[in-house]
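Following: one structure in structure tokens, then a few remarks.
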Amino acid sequence: MKVFLLMLAAATMLFAQGEKIRVIAFGAHPDDCDIRASGTAALFAKMGYPVRFVSVTNGDAGHQTMNGPELAARRLAEAKESARRLGIDYVVLNNHDGELLPTLDVREQVIRQIRAWNADIVLAPRPNDYHPDHRYTGVLVQDAAYMVVVPAVTPDVTPLRKNPLFLYYEDRFQRPNPFRPDIAVRIDDVVDKKIDALDAHVSQFYEWLPWVDGRLEEVPKDHVLRKEWLKKERTHAPSPAVRAALVKWYGSEVGNATKYYEAFEICEYGAQPDEARIRQLFPMLHH
Ligand SMILES: [Zn+2]
């Protein structure tokens with residue numbers, strides 16, 4: 001019995017080593033995935049695993065002086081540059097920014113993306129958020145969960161045989177329930193790559209978002225200085241719950257020493273992996 005179990009464990013390990021985990025992340029706008037998951041994406045990419053970011057809208061409303069096709073083109077170029085820096089793939093769907101609704105048409109666009117990518121892991125925002133596009137992106141991805149395996153739904157694309165693992169990004173919203181960090185990924189080794197990815201979205205991090213906050217004057221003009229400013233703006237210390245998750249996944253020494261992280265909550269509508277399976281899907285989680 002013991003020998004059999006050992007053989008089984010060895011076979012599982014071999015399977016895990018040969019398995020190419022495929023990751024797809026959804027955001028409402030061409031910078032949302034970058035904010036929440038580009039460190040984790042960089043780690044997957046470094047291991048040779050394919051990652052795709054999908055922006056469900058084209059971002060054509062996110063600027064104080066530009067809009068429409070001109071802004072959409074600028075943001076597409078920024079997204080492609082971010083993807084180049086991360087070593088991943090980036091798709092921008094042509095739905096208008098600020099007008100996203102959870103329609104059947106957009107749900108089918110999301111189902112097609114998940115199926116075409118043959119995803120094992122799907123990342124998305126939670127459906128509670130200040131921005132309606134973010135909320136509906138969360139709803140759209142939830143609505144695609146399970147439907148991705150149903151052959152009669154969106155029959156022009158081959159259905160998946162297994163429901164992927166669906167994960168939510170970290171956010172600060174407390175109602176109806178606060179974010180729960182089921183998985184916390186240490187990104188200390190790639191945090192500068194993450195900031196490089198964000199830095200590609202010039203129209204957002206150096207123009208639009210500081211303008212909305214009335215802080216445009218604070219953005220340094222110098223390229224090096226503004227990247228340092230961006231790093232301070234876009235990284236923060238882990239909450240006690242995230243720290244506990246880091247210790248769970250990496251052990252107390254590494255978990256307590258970790259400075260930079262990204263955290264995810266498991267959605268109830270997809271695959272429900274046990275701890276061993278989560279470690280196969282996220283091979284960067286190790287003691
Ligand atoms: Zn957004």
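Residue names in the structure tokens use chain letters A, B, ... in the order shown, residue numbers from 1 in each chain, and ligand numbers from 1 in the order shown.
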Report the closest atom pair, with its distance in Å rounded to one decimal, for each residue of chain A that has an atom no farther than 7 Å from ligand 1; count only C-alpha atoms and all ligand atoms, sort by chain and then rising residue number, and write it as CSV.
```
residue,atom,partner,partner_atom_place_in_ligand_line,distance
A:Gly27,CA,ligand 1,1 (Zn),6.8
A:Ala28,CA,ligand 1,1 (Zn),5.3
A:His29,CA,ligand 1,1 (Zn),4.6
A:Asp31,CA,ligand 1,1 (Zn),6.7
A:Asp32,CA,ligand 1,1 (Zn),5.0
A:His134,CA,ligand 1,1 (Zn),6.1
```
_Set the distance at 7 Å and use only C-alpha atoms: which residues neighbour region 174-184 of chain A once local chain neighbours fewer than 2 positions away are removed? I'd like the list as a ChimeraX atom specification._
/A:170-172,186,241-242,245-246,261-266
All alpha helix (DSSP H) positions in region 41-278 of chain A, as a ChimeraX atom specification: /A:41-46,68-86,104-116,132-144,191-199,202,209-212,223-234,240-257,275-278
task: Between A:Ile195, A:Ile21, A:Val254, A:Val54, single out the one closest to Arg279 (chain A), counting only C-alpha atoms.
output: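 Among A:Ile195, A:Ile21, A:Val254, A:Val54, it is A:Ile21 that comes nearest to Arg279 (chain A).
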Exercise for review: Can you work out which one of A:Ala237, A:Leu71, A:Cys267, A:Leu160 has the shortest atom-to-atom distance to Ala124 (chain A), counting only C-alpha atoms?
Suggested key: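 Of all the options, A:Cys267 lies closest to Ala124 (chain A).
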As a PyMOL selection string, please: the residues near Glu217 (chain A) (cut-off 12 Å, only C-alpha atoms, same-chain neighbours under 4 positions excluded).
chain A and resi 206-207+209-213+221+226
Just write the chosen residues, N, CA, C and O atoms, as a CSV table (one decimal), in the first residue's frame.
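Written out: part-v4.csv:
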```csv
chain,number,residue,atom,x,y,z
A,206,TYR,N,0.1,58.5,-15.1
A,206,TYR,CA,0.8,59.8,-15.0
A,206,TYR,C,-0.1,60.9,-15.5
A,206,TYR,O,0.3,62.1,-15.3
A,207,GLU,N,-1.3,60.6,-16.0
A,207,GLU,CA,-2.2,61.7,-16.6
A,207,GLU,C,-3.6,61.6,-15.9
A,207,GLU,O,-3.9,62.4,-15.1
A,209,LEU,N,-5.4,59.2,-13.9
A,209,LEU,CA,-5.7,58.9,-12.5
A,209,LEU,C,-5.3,60.0,-11.5
A,209,LEU,O,-6.1,60.4,-10.7
A,210,PRO,N,-4.1,60.6,-11.7
A,210,PRO,CA,-3.7,61.7,-10.8
A,210,PRO,C,-4.6,63.0,-11.1
A,210,PRO,O,-4.9,63.7,-10.1
A,211,TRP,N,-5.0,63.2,-12.3
A,211,TRP,CA,-5.9,64.3,-12.6
A,211,TRP,C,-7.3,64.1,-11.9
A,211,TRP,O,-7.8,65.1,-11.3
A,212,VAL,N,-7.9,62.9,-11.9
A,212,VAL,CA,-9.1,62.6,-11.2
A,212,VAL,C,-9.0,62.9,-9.8
A,212,VAL,O,-9.9,63.5,-9.2
A,213,ASP,N,-7.8,62.6,-9.2
A,213,ASP,CA,-7.6,62.8,-7.8
A,213,ASP,C,-7.2,64.2,-7.4
A,213,ASP,O,-6.9,64.5,-6.3
A,221,LYS,N,8.2,64.9,-13.4
A,221,LYS,CA,8.3,64.9,-14.9
A,221,LYS,C,9.4,63.9,-15.4
A,221,LYS,O,9.3,63.3,-16.4
A,226,ARG,N,9.5,59.5,-11.8
A,226,ARG,CA,8.0,59.2,-11.8
A,226,ARG,C,7.8,57.7,-11.6
A,226,ARG,O,6.7,57.3,-11.0
```
Students should find that CA of Gly270 (chain A) and CA of Ala145 (chain A) are spaced 6.0 Å
Could you work out how far CA of Pro283 (chain A) lies from CA of Phe44 (chain A), giving the answer in Å with one decimal?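 CA of Pro283 (chain A) lies at a distance of 8.4 Å from CA of Phe44 (chain A).
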Open item on the list: Neighbouring residues of region 96-110 of chain A were defined as those with any atom within 7 Å, considering only C-alpha atoms; residues of the same chain fewer than 6 positions away were excluded. Please report them as a count of residues only.
Closed with: 13
The residue from A:Glu78, A:Glu70, A:Glu19, A:Asp156 with the smallest atom-to-atom distance to Gln204 (chain A), counting only C-alpha atoms, is A:Glu78
Tell me which protein, DNA and RNA residues are within 7 Å of Phe53 (chain A), counting only C-alpha atoms, leaving out same-chain ones fewer than 2 positions away, and put them as a PDB file with N, CA and C atoms, in the first residue's frame.
```
ATOM      1  N   ILE A  24      -5.609  33.195 -17.633  1.00  0.00           N
ATOM      2  CA  ILE A  24      -6.232  34.332 -18.308  1.00  0.00           C
ATOM      3  C   ILE A  24      -6.804  35.262 -17.235  1.00  0.00           C
ATOM      4  N   ALA A  25      -6.574  36.558 -17.409  1.00  0.00           N
ATOM      5  CA  ALA A  25      -7.037  37.550 -16.427  1.00  0.00           C
ATOM      6  C   ALA A  25      -7.917  38.568 -17.136  1.00  0.00           C
ATOM      7  N   PHE A  26      -9.031  38.931 -16.488  1.00  0.00           N
ATOM      8  CA  PHE A  26      -9.943  39.927 -17.058  1.00  0.00           C
ATOM      9  C   PHE A  26      -9.939  41.192 -16.216  1.00  0.00           C
ATOM     10  N   CYS A  33      -5.963  44.689 -15.075  1.00  0.00           N
ATOM     11  CA  CYS A  33      -5.260  43.413 -14.800  1.00  0.00           C
ATOM     12  C   CYS A  33      -3.848  43.707 -14.316  1.00  0.00           C
ATOM     13  N   VAL A  51       0.265  33.413 -20.307  1.00  0.00           N
ATOM     14  CA  VAL A  51      -0.660  34.309 -19.606  1.00  0.00           C
ATOM     15  C   VAL A  51      -1.257  35.287 -20.613  1.00  0.00           C
ATOM     16  N   SER A  55      -8.788  43.055 -21.546  1.00  0.00           N
ATOM     17  CA  SER A  55      -9.554  44.215 -21.107  1.00  0.00           C
ATOM     18  C   SER A  55     -10.913  44.143 -21.793  1.00  0.00           C
ATOM     19  N   ASP A  89       0.558  37.995 -23.170  1.00  0.00           N
ATOM     20  CA  ASP A  89      -0.303  38.363 -24.286  1.00  0.00           C
ATOM     21  C   ASP A  89      -1.390  39.315 -23.761  1.00  0.00           C
ATOM     22  N   TYR A  90      -1.835  40.281 -24.582  1.00  0.00           N
ATOM     23  CA  TYR A  90      -2.853  41.234 -24.108  1.00  0.00           C
ATOM     24  C   TYR A  90      -3.906  41.421 -25.194  1.00  0.00           C
ATOM     25  N   VAL A  91      -5.169  41.218 -24.838  1.00  0.00           N
ATOM     26  CA  VAL A  91      -6.282  41.421 -25.775  1.00  0.00           C
ATOM     27  C   VAL A  91      -7.163  42.550 -25.236  1.00  0.00           C
TER      28      VAL A  91
END
```
Note to self: Taking only region 98-284 of chain A into account, list the residues labelled strand (DSSP E or B) by DSSP (computed from the backbone), as a VMD selection string.
What the structure shows: chain A and resid 121 to 124 165 to 169 183 to 186 261 to 266
Keeping N, CA and C atoms, export the residues of the selection given above as a JSON list (two decimals), in the first residue's frame.
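Saved to result-v6.json:
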```
[["chain", "number", "residue", "atom", "x", "y", "z"],
["A", 121, "ILE", "N", -6.70, 28.73, -15.07],
["A", 121, "ILE", "CA", -6.94, 29.73, -14.03],
["A", 121, "ILE", "C", -7.54, 30.97, -14.69],
["A", 122, "VAL", "N", -8.63, 31.48, -14.13],
["A", 122, "VAL", "CA", -9.28, 32.69, -14.64],
["A", 122, "VAL", "C", -9.34, 33.72, -13.50],
["A", 123, "LEU", "N", -8.81, 34.91, -13.74],
["A", 123, "LEU", "CA", -8.79, 35.97, -12.73],
["A", 123, "LEU", "C", -9.76, 37.08, -13.12],
["A", 124, "ALA", "N", -10.42, 37.65, -12.11],
["A", 124, "ALA", "CA", -11.40, 38.71, -12.39],
["A", 124, "ALA", "C", -11.65, 39.54, -11.14],
["A", 165, "LEU", "N", -10.28, 27.08, -12.44],
["A", 165, "LEU", "CA", -10.29, 27.76, -11.15],
["A", 165, "LEU", "C", -10.53, 29.24, -11.42],
["A", 166, "PHE", "N", -11.59, 29.80, -10.83],
["A", 166, "PHE", "CA", -11.87, 31.23, -10.96],
["A", 166, "PHE", "C", -11.44, 31.92, -9.67],
["A", 167, "LEU", "N", -10.68, 33.01, -9.82],
["A", 167, "LEU", "CA", -10.17, 33.75, -8.67],
["A", 167, "LEU", "C", -10.54, 35.22, -8.79],
["A", 168, "TYR", "N", -10.75, 35.84, -7.62],
["A", 168, "TYR", "CA", -10.98, 37.29, -7.58],
["A", 168, "TYR", "C", -9.72, 38.01, -7.16],
["A", 169, "TYR", "N", -9.52, 39.20, -7.71],
["A", 169, "TYR", "CA", -8.43, 40.09, -7.28],
["A", 169, "TYR", "C", -8.74, 40.66, -5.90],
["A", 183, "ILE", "N", -5.23, 32.89, -1.46],
["A", 183, "ILE", "CA", -3.90, 32.67, -2.03],
["A", 183, "ILE", "C", -3.17, 34.00, -1.99],
["A", 184, "ALA", "N", -1.92, 34.00, -1.51],
["A", 184, "ALA", "CA", -1.11, 35.21, -1.55],
["A", 184, "ALA", "C", 0.21, 34.87, -2.21],
["A", 185, "VAL", "N", 0.54, 35.62, -3.25],
["A", 185, "VAL", "CA", 1.76, 35.36, -4.04],
["A", 185, "VAL", "C", 2.80, 36.41, -3.70],
["A", 186, "ARG", "N", 3.98, 35.96, -3.33],
["A", 186, "ARG", "CA", 5.10, 36.86, -3.05],
["A", 186, "ARG", "C", 5.66, 37.36, -4.37],
["A", 261, "TYR", "N", 3.29, 41.76, -2.68],
["A", 261, "TYR", "CA", 2.45, 40.57, -2.86],
["A", 261, "TYR", "C", 1.28, 40.91, -3.77],
["A", 262, "GLU", "N", 0.62, 39.86, -4.25],
["A", 262, "GLU", "CA", -0.72, 39.97, -4.84],
["A", 262, "GLU", "C", -1.55, 38.85, -4.24],
["A", 263, "ALA", "N", -2.81, 39.12, -3.94],
["A", 263, "ALA", "CA", -3.63, 38.11, -3.26],
["A", 263, "ALA", "C", -4.92, 37.87, -4.04],
["A", 264, "PHE", "N", -5.44, 36.66, -3.89],
["A", 264, "PHE", "CA", -6.62, 36.22, -4.65],
["A", 264, "PHE", "C", -7.58, 35.44, -3.76],
["A", 265, "GLU", "N", -8.86, 35.56, -4.09],
["A", 265, "GLU", "CA", -9.90, 34.82, -3.38],
["A", 265, "GLU", "C", -10.52, 33.80, -4.34],
["A", 266, "ILE", "N", -10.76, 32.60, -3.85],
["A", 266, "ILE", "CA", -11.34, 31.56, -4.70],
["A", 266, "ILE", "C", -12.85, 31.78, -4.85]]
```
Set the distance at 7 Å and use only C-alpha atoms: which residues neighbour Arg22 (chain A) once local chain neighbours fewer than 3 positions away are removed? I'd like the list as a short mmCIF file (atom, residue, chain, number, x, y, z; two decimals) with N, CA and C atoms, in the first residue's frame.
```cif
data_model
loop_
_atom_site.label_atom_id
_atom_site.label_comp_id
_atom_site.auth_asym_id
_atom_site.auth_seq_id
_atom_site.Cartn_x
_atom_site.Cartn_y
_atom_site.Cartn_z
N TYR A 49 4.89 29.68 -18.54
CA TYR A 49 3.45 29.42 -18.62
C TYR A 49 2.75 30.57 -19.34
N PRO A 50 1.85 30.25 -20.28
CA PRO A 50 1.19 31.30 -21.05
C PRO A 50 0.17 32.10 -20.22
N VAL A 51 0.26 33.41 -20.31
CA VAL A 51 -0.66 34.31 -19.61
C VAL A 51 -1.26 35.29 -20.61
N ASN A 118 -7.98 28.08 -23.46
CA ASN A 118 -7.95 26.78 -22.77
C ASN A 118 -7.45 26.98 -21.33
N ALA A 119 -8.10 27.89 -20.63
CA ALA A 119 -7.59 28.37 -19.34
C ALA A 119 -7.76 27.36 -18.21
N ASP A 120 -6.73 27.29 -17.38
CA ASP A 120 -6.81 26.54 -16.12
C ASP A 120 -7.16 27.48 -14.96
N ILE A 121 -6.70 28.73 -15.07
CA ILE A 121 -6.94 29.73 -14.03
C ILE A 121 -7.54 30.97 -14.69
#
```
re CA of Ile35 (chain A) and CA of Pro159 (chain A): distance 29.7 Å
